Each structure stands twice: as C-alpha cells, then as structure tokens.
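What follows is a single structure, written as structure tokens, with notes after it.
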Amino acid sequence: MSEKDLFFEEMSGVTPLKREPRERLVKTAVQGDVEFRREAAAALPNGAMNSLLDEGVDPLDAWYVLDFKRPGIQHGVFKKLRMGRYDIEARLDLHRMTVKLARDEVKKFIDDAADLGLRTLLILHGKGQRKSEKENTAVLKGYVNQWLQQLEHVQAFHSAQPVHGGTGAVYVLLKKSQEKKRENRERFLKGRVPYEGR
C-alpha cells in the first residue's frame with residue numbers, strides 16, 4: 001500500500017471543520033490623503049519624495065556646536081574640515097526660510113552638489129537670536145543637524161569658524177565622486193613605477 005492510500009484510509013472517517021466564509025478586505029483610501037500624495041509627488045522632480053523631517057525636531061542653543069562624522073572618516077580630514085581649511089565650493093543661506101522651504105532647499109543643494117562632484121559646502125542656518133527668549137531658539141539649526149545626518153552623500157559636518165559664521169553655519173563634507181577618486185589615484189601614481197615583487 002502506498003503512502004497516499006494509507007493517508008486516505010486514515011482520513012476516511014474525518015469530516016472537515018466548518019468555518020464562516022471569508023470576507024475580502026479592501027483598503028479604502030481617504031480622498032484627501034490621495035490628493036496630498038499626488039500633489040507632493042508632482043511638486044518634486046521625477047516624483048522623488050523628500051524623506052527629511054519637517055516637524056518634531058527640537059531647536060538648539062545658538063552656541064551649540066554641530067559635530068558629526070561617519071565611521072571611516074580619517075581624523076586628519078575631519079580636523080581640516082573643522083578648522084575650515086578646505087575651500088568652500090558652494091554656499092546655501094537659509095536665513096528667513098520656513099522649515100519646509102529650508103528642508104527642500106537643503107535636499108536639493110546636497111543632491112546638486114553631489115551630482116557636480118563638489119566636496120566641501122557651507123550652509124548658513126543662523127542662530128535664532130532675534131527672538132525674545134534666548135535659550136534653544138535656533139530652530140533651523142536643529143533641523144539642519146538632523147537632516148545632514150539623514151543624507152547619504154554627507155560624510156561629516158561641523159560648525160563653522162567665526163570667519164564663516166561660527167555656530168550659525170556649518171561646514172559639510174560630501175562623499176568623493178568616482179571621478180574625483182580616479183583623479184586622485186592618477187595624481188598619486190603619476191611618475192611612480194609599480195612595485196614588482198622579486
């Protein structure tokens with residue numbers, strides 16, 4: 001006797017359990033939600049959504065020093081950035097912008113700079129000192145601190161030297177483009193004879 005026949009013989013007296021018929025669940029979209037998403041997607045180039053936060057980030061103190069680097073960034077490179085020793089290749093001034101406008105400007109600025117192969121940027125976010133209460137009033141500073149950590153092109157950032165805006169501005173170091181890496185390799189190897197093991 002085969003296993004199949006043995007199985008049917010064992011199951012011959014079993015009756016299937018009764019269950020209530022299943023209902024198909026259909027998600028109904030809220031009209032306003034669909035329209036909002038459609039408008040947001042149309043407002044951005046190629047329908048790319050801006051995933052940066054535009055609410056819920058606490059403001060920072062005007063004198064708080066922004067300081068961030070990803071693993072793998074050499075200490076000397078970060079120190080040079082912190083000291084403002086790299087040439088600033090592009091600037092973005094966020095003064096008098098709303099959080100939502102600043103969010104879009106920062107994302108576009110970083111993306112455009114990365115596409116152009118730029119490495120060192122300066123973002124002027126301000127200190128928020130015009131308000132009557134002086135503590136933790138740098139709203140855009142808090143958001144810029146959060147946004148830069150979320151953007152994959154950003155390798156490191158640090159509050160600027162006084163000559164460039166001090167704690168009201170931030171130096172940003174972007175990833176090296178493939179073309180820049182190739183140029184550096186060629187410059188480093190120029191005139192050198194490859195070592196051949198003997």
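Residues are referred to by chain and number: the chain letter is A, B, ... according to the order shown in the structure tokens, the number counts from 1 in that chain, and ligands are numbered separately from 1 in the order shown.
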_I want to know what sits within 9 Å of Arg103 (chain A), based on only C-alpha atoms, with residues of the same chain fewer than 2 positions away left out; could you give that as an NGL selection string?_
:A and (50 or 52-54 or 98-101 or 105-108 or 143-144 or 147)
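Within the 9 Å cut-off around Gln149 (chain A), using only C-alpha atoms and omitting residues fewer than 5 positions from it on the same chain, the listed residues are Phe68, Lys69, Arg70, Val144, Val154, Gln155, Ala156 and Phe157 of chain A.
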Could you save the residues just selected, with N, CA and C atoms, as a PDB file, in the first residue's frame?
ATOM      1  N   PHE A  68      29.646  66.015  13.593  1.00  0.00           N
ATOM      2  CA  PHE A  68      29.218  64.687  13.148  1.00  0.00           C
ATOM      3  C   PHE A  68      30.191  64.166  12.102  1.00  0.00           C
ATOM      4  N   LYS A  69      30.539  62.881  12.219  1.00  0.00           N
ATOM      5  CA  LYS A  69      31.306  62.225  11.153  1.00  0.00           C
ATOM      6  C   LYS A  69      30.924  60.758  11.101  1.00  0.00           C
ATOM      7  N   ARG A  70      30.875  60.241   9.899  1.00  0.00           N
ATOM      8  CA  ARG A  70      30.544  58.832   9.708  1.00  0.00           C
ATOM      9  C   ARG A  70      31.782  57.976   9.986  1.00  0.00           C
ATOM     10  N   VAL A 144      18.736  71.294  10.542  1.00  0.00           N
ATOM     11  CA  VAL A 144      19.914  71.054   9.693  1.00  0.00           C
ATOM     12  C   VAL A 144      20.766  69.942  10.298  1.00  0.00           C
ATOM     13  N   VAL A 154      26.351  62.949   2.675  1.00  0.00           N
ATOM     14  CA  VAL A 154      27.088  63.690   3.711  1.00  0.00           C
ATOM     15  C   VAL A 154      27.961  62.727   4.511  1.00  0.00           C
ATOM     16  N   GLN A 155      29.273  63.016   4.522  1.00  0.00           N
ATOM     17  CA  GLN A 155      30.218  62.194   5.268  1.00  0.00           C
ATOM     18  C   GLN A 155      30.518  62.771   6.646  1.00  0.00           C
ATOM     19  N   ALA A 156      30.511  64.112   6.735  1.00  0.00           N
ATOM     20  CA  ALA A 156      30.815  64.767   8.008  1.00  0.00           C
ATOM     21  C   ALA A 156      30.329  66.207   7.947  1.00  0.00           C
ATOM     22  N   PHE A 157      30.113  66.793   9.138  1.00  0.00           N
ATOM     23  CA  PHE A 157      29.842  68.226   9.200  1.00  0.00           C
ATOM     24  C   PHE A 157      30.258  68.753  10.563  1.00  0.00           C
TER      25      PHE A 157
END
Here CA of Glu89 (chain A) and CA of Gly142 (chain A) stand apart by 23.6 Å
**Prompt:** What lies within 12 Å of region 72-79 of chain A using only C-alpha atoms, ignoring chain neighbours under 4 positions off, as a list in words?
**Reply:** Asp67, Phe68, Met83, Gly84, Arg85, Tyr86, Arg119, Thr120, Val154, Gln155, Ala156, Phe157, His158, Ser159, Ala160, Tyr171, Val172, Leu173, Leu174, Lys175 and Lys176 of chain A
Can you spit out the residues from that selection as a CSV table (one decimal), in the first residue's frame, using C-alpha atoms?
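Saved file selection_14.csv follows:
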chain,number,residue,atom,x,y,z
A,67,ASP,CA,29.7,67.9,15.2
A,68,PHE,CA,29.2,64.7,13.1
A,83,MET,CA,39.2,74.2,11.1
A,84,GLY,CA,37.8,75.5,7.9
A,85,ARG,CA,40.9,74.6,5.9
A,86,TYR,CA,39.0,73.2,2.8
A,119,ARG,CA,33.1,68.1,-1.7
A,120,THR,CA,33.0,71.0,0.7
A,154,VAL,CA,27.1,63.7,3.7
A,155,GLN,CA,30.2,62.2,5.3
A,156,ALA,CA,30.8,64.8,8.0
A,157,PHE,CA,29.8,68.2,9.2
A,158,HIS,CA,31.0,70.7,11.8
A,159,SER,CA,30.0,74.2,13.0
A,160,ALA,CA,32.0,76.8,11.1
A,171,TYR,CA,30.8,73.0,7.0
A,172,VAL,CA,29.6,70.0,5.2
A,173,LEU,CA,31.9,67.3,3.6
A,174,LEU,CA,30.4,65.1,0.9
A,175,LYS,CA,31.4,61.7,-0.4
A,176,LYS,CA,34.1,61.8,-3.1
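Going from CA of Gln146 (chain A) to CA of Glu179 (chain A) covers 28.7 Å.
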Can you list, as an mmCIF file with C-alpha atoms, in the first residue's frame, every protein, DNA or RNA residue that comes within 7 Å of region 163-169 of chain A when you count only C-alpha atoms, leaving out same-chain residues fewer than 5 positions away?
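Below you can see out-v1.cif, which holds the result:
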data_model
loop_
_atom_site.group_PDB
_atom_site.id
_atom_site.type_symbol
_atom_site.label_atom_id
_atom_site.label_comp_id
_atom_site.auth_asym_id
_atom_site.auth_seq_id
_atom_site.Cartn_x
_atom_site.Cartn_y
_atom_site.Cartn_z
ATOM 1 C CA ALA A 62 22.561 79.359 19.443
ATOM 2 C CA TRP A 63 26.062 78.442 20.672
ATOM 3 C CA TYR A 64 25.719 74.656 20.396
ATOM 4 C CA VAL A 65 28.488 73.222 18.180
ATOM 5 C CA LEU A 122 28.807 75.797 3.752
ATOM 6 C CA ILE A 123 25.224 76.052 4.998
ATOM 7 C CA LEU A 124 24.219 79.207 6.874
ATOM 8 C CA HIS A 125 21.345 78.245 9.180
ATOM 9 C CA GLY A 126 21.539 81.132 11.660
ATOM 10 C CA LYS A 127 21.430 81.175 15.449
#
Report task. Skip Thr137 (chain A) itself and residues of its chain fewer than 6 positions away, then list as an NGL selection string all residues within 7 Å of it, counting only C-alpha atoms. Result -> :A and (59-62 or 128-129)
Notebook entry, point to check: What is the CA of Val170 (chain A) to CA of Gln150 (chain A) distance in Å?
Noted result: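 Calculated distance between CA of Val170 (chain A) and CA of Gln150 (chain A) is 15.5 Å.
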